[in-house]
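S.K.: Before we start, here is the structure in question, set down as structure tokens.
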Amino acid sequence: MKISYNWLKSYIPDIPNEDEIEHLLTFKLCEIEDVEKLPSPSSDKASGDTVFNLKILPDRAHDLLSHLGVAREISGMLGIDFKLPEYKIPEFKVTDLKIEIQTSNCRRYVGRVVRDIKVGPSPEWMVKYLNSIGQKSINNIVDATNMVMFGSGQPIHAFDLKQLAYERIIVKEAQGGDLFQLIGSEKTSVLLKDTDMMITDGSKNLALAGVKGGLDSGISLDTTNILLEVANFDPVSVRKTARGLGIQTDASKRYENDLSPSLCGFAMDEISALIMELCPGASFEEIIDVYSNPQKERIVSFETSYVAKILGLSIKEEEIEKILKNYNYKFEKKNSSWKVTVPLMRLDLVGDYNFVEEIGRVYGYDKITPLIPELISEGEDNGIWKKTISAKQKLIQDGYREVMTYVFRNNGDFEILAAASDKNFLRTNLTDGLKESISLNQKNLPLLGSDEVRVFEIGTVFKDDGEEIHVAYGDKKNITEMTLNKFSSIPENINILLSEYVLEEPLTQKENTDKFVPQIFKPWSIYPFITRDIAVWVPEGTSPQTLIDIYNSFGTELLVTEPKIFDSFTKENRTSLAFRLVFQSYDRTLTDDEINVIMSQINTKIASLGWEVR
């Protein structure tokens with residue numbers, strides 16, 4: 001989120017200088033990805049504005065993807081005055097606008113008709129604000145909606161009223177299979193699903209709710225009457241639609257991170273005041289607000305001793321009170337107990353632990369002295385953990401290697417929101433993932449130095465009747481899967497106890513010494529490997545190690561595995577020994593020419609011994 005210093009200053013008249021704000025935000029709010037100094041319009045020097053590009057994490061995206069939210073934070077952290085702009089409330093007339101919500105995914109819809117507007121260029125101050133955060137000015141009406149969104153965090157949409165068949169809005173689920181044309185998008189049209197939420201006029205689709213408007217309902221230069229939409233939509237529904245169609249907008253980004261429905265009223269007042277300023281001759285109609293289940297205030301209680309216990313630092317009650325007052329929290333204090341009313345905008349403040357985090361963050365984590373926690377005494381073995389470890393040891397003993405596969409699949413009993421649009425379900429079995437793992441590892445057998453892939457996995461599967469821990473193991477011919485409890489009850493496994501096994505020692509003992517040397521992990525290469533098979537006639541009785549020494553000597557560091565013999569036979573006092581050599585680089589993709597040079601040197605050495613490469 002790009003935040004303009006000058007924009008912040010409109011909310012905090014006494015805001016400190018840019019360097020102090022950068023330091024404050026970095027150490028008490030969030031990471032700053034970069035800071036840009038913008039030149040003033042009349043100078044090449046960077047004195048016009050400073051823009052902070054903040055990395056807002058999902059837990060605070062509901063309020064910090066806005067200048068208003070960041071300004072409130074700065075005001076609270078510093079204990080300085082925060083002021084909202086004074087808005088003039090326009091006079092209004094009775095309206096014929098009707099709003100109907102037919103889906104629970106629309107939590108609030110506020111609409112207003114404004115007539116006799118004049119679409120044109122935006123004033124210089126508005127263009128400057130938008131340009132500072134990388135937004136291009138379009139026209140005064142669209143710019144006003146963007147000003148409110150980037151200012152308060154609440155998306156707003158404006159429809160051209162003459163494009164509506166009726167002066168009414170119906171919010172409902174889409175008709176699957178319909179084609180919808182978008183306004184100002186790389187995708188000109190999209191195929192709707194019945195899970196998509198639409199804004200309609202009862203006759204045609206006007207917009208993808210929370211994502212993007214339709215081609216035929218946008219603002220143009222000849223627009224005179226508009227319908228303003230300020231709504232609150234379910235974040236999961238918006239995310240499904242946006243990600244499913246491959247569309248992400250500034251509006252969808254805010255909706256899918258959740259927004260407080262209480263913000264709608266403020267945003268409607270702000271956009272109305274802006275349009276009245278931009279279009280003095282505009283005529284406003286009354287606001288229609290459909291809000292059937294208003295957001296309720298939460299009250300969180302905590303003890304002063306709990307704050308000290310969690311933070312590891314005793315903070316004076318006077319300091320806690322100061323922090324709460326600076327943030328304008330309503331609270332009651334009795335003895336050492338605090339009862340705080342959570343502002344509707346702060347969706348992240350759910351329990352007492354959240355307030356401990358808030359107090360610690362504002363007070364300063366740098367003031368907390370780190371201490372090593374007390375050791376927890378050993379308790380009884382966890383039954384599931386014990387069964388899991390025993391099962392792993394049994395399978396490893398039987399020659400299987402452990403793998404971990406994706407829990408997300410393209411079908412299942414439970415659909416979720418995943419980063420990959422083709423894997424929106426939780427797995428119902430381990431077998432499907434194990435098959436894929438075997439197939440992939442089959443291609444790497446030469447590099448693994450193995451003749452076959454035998455793998456296992458122990459993990460959770462998700463079914464309609466609940467979660468289960470399963471064990472699956474097998475090879476390319478057959479895979480067996482069962483519950484962990486069933487595997488542990490098999491007679492040949494039932495006597496496998498954790499105490500009978502010792503986990504592999506990370507240190508190995510050198511021969512003839514009492515010292516241990518660490519086994520250092522060597523990462524695998526990201527580049528493909530090349531194999532070469534070579535069969536050599538040698539005198540009967542020749543040790544295969546002789547050839548192995550030649551291959552290691554000439555193979556250089558590119559020979560990444562121990563040469564492995566895969567065939568041998570003796571005929572007429574000669575023995576044929578066939579080896580597979582595996583070459584790989586850690587810094588590049590090898591070419592055939594490079595390996596051919598090595599193989600030529602090996603062949604020359606073998607010929608010098610009087611032996612024959614077959």
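Residue numbering restarts at 1 in every chain; chains get A, B, ... in the order shown in the structure tokens, and ligands count up from 1 in that same order.
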At a cut-off of 9 Å, using only C-alpha atoms, what residues contact range 164-170 of chain A? Leave out same-chain residues fewer than 3 positions from it and give the result as a tab-separated table (two decimals) with N, CA and C atoms, in the first residue's frame.
M.R.:
chain	number	residue	atom	x	y	z
A	96	ASP	N	-36.81	7.31	-5.37
A	96	ASP	CA	-37.56	6.13	-5.81
A	96	ASP	C	-36.67	4.89	-5.84
A	97	LEU	N	-35.41	5.04	-5.44
A	97	LEU	CA	-34.46	3.93	-5.49
A	97	LEU	C	-34.90	2.80	-4.57
A	98	LYS	N	-34.86	1.58	-5.09
A	98	LYS	CA	-35.17	0.39	-4.32
A	98	LYS	C	-33.94	-0.52	-4.31
A	99	ILE	N	-33.63	-1.08	-3.16
A	99	ILE	CA	-32.48	-1.99	-3.03
A	99	ILE	C	-32.96	-3.29	-2.39
A	100	GLU	N	-32.59	-4.40	-3.03
A	100	GLU	CA	-33.00	-5.72	-2.55
A	100	GLU	C	-31.77	-6.63	-2.50
A	101	ILE	N	-31.55	-7.26	-1.36
A	101	ILE	CA	-30.42	-8.18	-1.19
A	101	ILE	C	-30.95	-9.60	-1.13
A	102	GLN	N	-30.51	-10.43	-2.08
A	102	GLN	CA	-30.99	-11.81	-2.16
A	102	GLN	C	-29.91	-12.84	-1.84
A	111	GLY	N	-27.00	2.86	-0.94
A	111	GLY	CA	-27.11	3.45	-2.28
A	111	GLY	C	-27.67	4.85	-2.23
A	113	VAL	N	-28.84	8.11	-5.18
A	113	VAL	CA	-28.92	8.69	-6.51
A	113	VAL	C	-28.52	10.17	-6.44
A	159	PHE	N	-22.49	4.09	-10.82
A	159	PHE	CA	-23.16	3.63	-12.03
A	159	PHE	C	-23.78	4.82	-12.76
A	160	ASP	N	-23.77	4.75	-14.09
A	160	ASP	CA	-24.50	5.73	-14.89
A	160	ASP	C	-25.98	5.36	-14.83
A	161	LEU	N	-26.79	6.22	-14.23
A	161	LEU	CA	-28.18	5.87	-13.96
A	161	LEU	C	-28.97	5.58	-15.24
A	198	MET	N	-23.49	-10.88	-8.10
A	198	MET	CA	-23.69	-9.84	-9.11
A	198	MET	C	-24.53	-8.68	-8.56
A	199	ILE	N	-24.25	-7.51	-9.09
A	199	ILE	CA	-25.11	-6.34	-8.88
A	199	ILE	C	-25.95	-6.20	-10.15
A	200	THR	N	-27.26	-6.23	-10.01
A	200	THR	CA	-28.14	-6.16	-11.18
A	200	THR	C	-29.20	-5.07	-10.96
A	201	ASP	N	-29.89	-4.74	-12.05
A	201	ASP	CA	-31.02	-3.80	-11.93
A	201	ASP	C	-32.34	-4.55	-12.04
A	202	GLY	N	-32.27	-5.89	-11.97
A	202	GLY	CA	-33.46	-6.71	-12.13
A	202	GLY	C	-33.67	-7.17	-13.54
A	203	SER	N	-32.91	-6.54	-14.45
A	203	SER	CA	-33.04	-6.88	-15.86
A	203	SER	C	-31.71	-7.35	-16.44
A	204	LYS	N	-30.63	-6.70	-16.05
A	204	LYS	CA	-29.32	-7.06	-16.57
A	204	LYS	C	-28.26	-6.93	-15.48
A	206	LEU	N	-24.93	-5.57	-13.80
A	206	LEU	CA	-24.25	-4.28	-13.83
A	206	LEU	C	-22.79	-4.39	-13.39
A	217	SER	N	-22.25	0.10	-17.77
A	217	SER	CA	-22.80	0.87	-16.66
A	217	SER	C	-21.82	1.91	-16.11
A	227	LEU	N	-25.72	6.59	-9.76
A	227	LEU	CA	-26.09	5.85	-8.56
A	227	LEU	C	-24.81	5.47	-7.85
S.K.: List every residue of range 161-313 of chain A that DSSP, applied to the backbone of this structure, assigns to strand (DSSP E or B), and report them as a VMD selection string.
M.R.: chain A and resid 168 to 173 179 to 182 189 to 191 197 to 200 205 to 208 212 to 214 226 to 233 283 to 285 288 to 290 298 to 303
S.K.: Would you export the selected residues with C-alpha atoms as a PDB file, in the first residue's frame, please?
M.R.:
ATOM      1  CA  ARG A 168     -33.410  -0.394  -8.356  1.00  0.00           C
ATOM      2  CA  ILE A 169     -30.552  -2.617  -7.293  1.00  0.00           C
ATOM      3  CA  ILE A 170     -30.752  -6.370  -6.699  1.00  0.00           C
ATOM      4  CA  VAL A 171     -27.741  -8.153  -5.248  1.00  0.00           C
ATOM      5  CA  LYS A 172     -27.852 -11.869  -5.999  1.00  0.00           C
ATOM      6  CA  GLU A 173     -25.883 -14.896  -7.144  1.00  0.00           C
ATOM      7  CA  LEU A 179     -21.158 -14.005 -20.289  1.00  0.00           C
ATOM      8  CA  PHE A 180     -20.381 -10.663 -18.651  1.00  0.00           C
ATOM      9  CA  GLN A 181     -18.495  -7.799 -20.269  1.00  0.00           C
ATOM     10  CA  LEU A 182     -16.110  -5.847 -18.038  1.00  0.00           C
ATOM     11  CA  SER A 189     -15.556 -10.621 -20.888  1.00  0.00           C
ATOM     12  CA  VAL A 190     -15.789 -13.459 -18.368  1.00  0.00           C
ATOM     13  CA  LEU A 191     -17.904 -16.588 -18.027  1.00  0.00           C
ATOM     14  CA  MET A 197     -22.184 -12.403  -6.768  1.00  0.00           C
ATOM     15  CA  MET A 198     -23.691  -9.841  -9.110  1.00  0.00           C
ATOM     16  CA  ILE A 199     -25.109  -6.340  -8.879  1.00  0.00           C
ATOM     17  CA  THR A 200     -28.145  -6.159 -11.177  1.00  0.00           C
ATOM     18  CA  ASN A 205     -26.009  -7.525 -14.771  1.00  0.00           C
ATOM     19  CA  LEU A 206     -24.247  -4.282 -13.826  1.00  0.00           C
ATOM     20  CA  ALA A 207     -21.145  -5.378 -11.902  1.00  0.00           C
ATOM     21  CA  LEU A 208     -19.244  -8.265 -10.357  1.00  0.00           C
ATOM     22  CA  LYS A 212     -15.317  -4.874 -11.206  1.00  0.00           C
ATOM     23  CA  GLY A 213     -18.046  -2.972 -12.990  1.00  0.00           C
ATOM     24  CA  GLY A 214     -19.698  -3.865 -16.270  1.00  0.00           C
ATOM     25  CA  ILE A 226     -25.424   8.529 -11.137  1.00  0.00           C
ATOM     26  CA  LEU A 227     -26.092   5.845  -8.558  1.00  0.00           C
ATOM     27  CA  LEU A 228     -23.482   5.585  -5.809  1.00  0.00           C
ATOM     28  CA  GLU A 229     -22.790   2.154  -4.326  1.00  0.00           C
ATOM     29  CA  VAL A 230     -21.108   1.769  -0.943  1.00  0.00           C
ATOM     30  CA  ALA A 231     -21.373  -1.859   0.108  1.00  0.00           C
ATOM     31  CA  ASN A 232     -19.865  -4.560   2.279  1.00  0.00           C
ATOM     32  CA  PHE A 233     -19.411  -8.045   0.815  1.00  0.00           C
ATOM     33  CA  SER A 283     -29.072  17.280  -6.662  1.00  0.00           C
ATOM     34  CA  PHE A 284     -28.912  14.570  -4.002  1.00  0.00           C
ATOM     35  CA  GLU A 285     -31.585  12.047  -3.076  1.00  0.00           C
ATOM     36  CA  ILE A 288     -31.047   3.931   1.147  1.00  0.00           C
ATOM     37  CA  ASP A 289     -29.229   1.693   3.617  1.00  0.00           C
ATOM     38  CA  VAL A 290     -30.010  -2.044   3.748  1.00  0.00           C
ATOM     39  CA  ARG A 298     -16.962  -6.526  21.223  1.00  0.00           C
ATOM     40  CA  ILE A 299     -15.702  -6.144  24.767  1.00  0.00           C
ATOM     41  CA  VAL A 300     -12.348  -7.663  25.694  1.00  0.00           C
ATOM     42  CA  SER A 301     -11.127  -8.048  29.272  1.00  0.00           C
ATOM     43  CA  PHE A 302      -7.626  -8.658  30.543  1.00  0.00           C
ATOM     44  CA  GLU A 303      -5.547  -8.388  33.695  1.00  0.00           C
TER      45      GLU A 303
END
S.K.: Quick one: residues within 7 Å of Pro235 in chain A, only C-alpha atoms counted, chain neighbours fewer than 2 positions away excluded, as a count of residues only?
M.R.: 8
S.K.: Given the choices A:Leu68, A:Val127, A:Val51, A:Val307, which gets closest to Met345 in chain A if the distance is worked out from only C-alpha atoms?
M.R.: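 That would be A:Leu68, the residue with the smallest distance to Met345 in chain A.
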S.K.: Would you pick out the contacts of Ile534 in chain A at 12 Å or less, using only C-alpha atoms, so that residues sharing its chain but fewer than 4 positions from it are not included, and give the list as an MDAnalysis selection string?
M.R.: chainID A and resid 547:548 551 563:568 576:582 599:600 602:603 606 612:614
S.K.: Excluding Leu84 in chain A and residues on its chain fewer than 2 positions from it, collect all residues at most 8 Å away from it, counting only C-alpha atoms, and give them as a list of chain:residue names.
M.R.: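 That gives A:Tyr11, A:Phe82, A:Glu86.
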S.K.: Export N, CA and C atoms of the chosen residues as an mmCIF file, in the first residue's frame?
M.R.:
data_model
loop_
_atom_site.group_PDB
_atom_site.id
_atom_site.type_symbol
_atom_site.label_atom_id
_atom_site.label_comp_id
_atom_site.auth_asym_id
_atom_site.auth_seq_id
_atom_site.Cartn_x
_atom_site.Cartn_y
_atom_site.Cartn_z
ATOM 1 N N TYR A 11 -4.843 14.539 7.834
ATOM 2 C CA TYR A 11 -5.499 13.975 9.017
ATOM 3 C C TYR A 11 -4.762 14.347 10.304
ATOM 4 N N PHE A 82 -5.710 13.695 16.002
ATOM 5 C CA PHE A 82 -6.159 13.162 14.712
ATOM 6 C C PHE A 82 -7.463 13.869 14.372
ATOM 7 N N GLU A 86 -13.786 18.165 7.669
ATOM 8 C CA GLU A 86 -15.178 18.548 7.918
ATOM 9 C C GLU A 86 -15.957 18.473 6.610
#
S.K.: Can you list, as a list in words, every protein, DNA or RNA residue that comes within 9 Å of Leu484 in chain A when you count only C-alpha atoms, leaving out same-chain residues fewer than 2 positions away?
M.R.: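 Counting only C-alpha atoms, the residues come to Ile384, Lys387, Thr388, Ala391, Ile458, Gly459, Glu468, Ile469, His470, Val471, Met482, Lys486, Phe487, Ser488 and Ser489 of chain A.
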S.K.: To one decimal place in Å, what is the distance between CA of Glu124 in chain A and CA of Ile3 in chain A?
M.R.: 18.6 Å
S.K.: Neighbouring residues of Val236 in chain A were defined as those with any atom within 12 Å, considering only C-alpha atoms; residues of the same chain fewer than 5 positions away were excluded. Please report them as a list in words.
M.R.: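 In the requested format, the answer is Ser104, Asn105, Cys106, Thr195, Asp196, Met197, Gly210, Thr241, Ala242, Arg243, Gly244, Ser252, Lys253, Arg254, Tyr255, Glu256, Asn257, Asp258, Leu259, Glu415, Ile416, Leu417 and Ala418 of chain A.
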S.K.: Identify, with DSSP run on backbone atoms, the residues in range 92-183 of chain A assigned to alpha helix (DSSP H), and express the list as a VMD selection string.
M.R.: chain A and resid 124 to 132 140 to 152
S.K.: Work out how far CA of Val536 in chain A is from CA of Asn573 in chain A, in Å to one decimal.
M.R.: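 Taking CA of Asn573 in chain A and CA of Val536 in chain A, their separation equals 13.5 Å.
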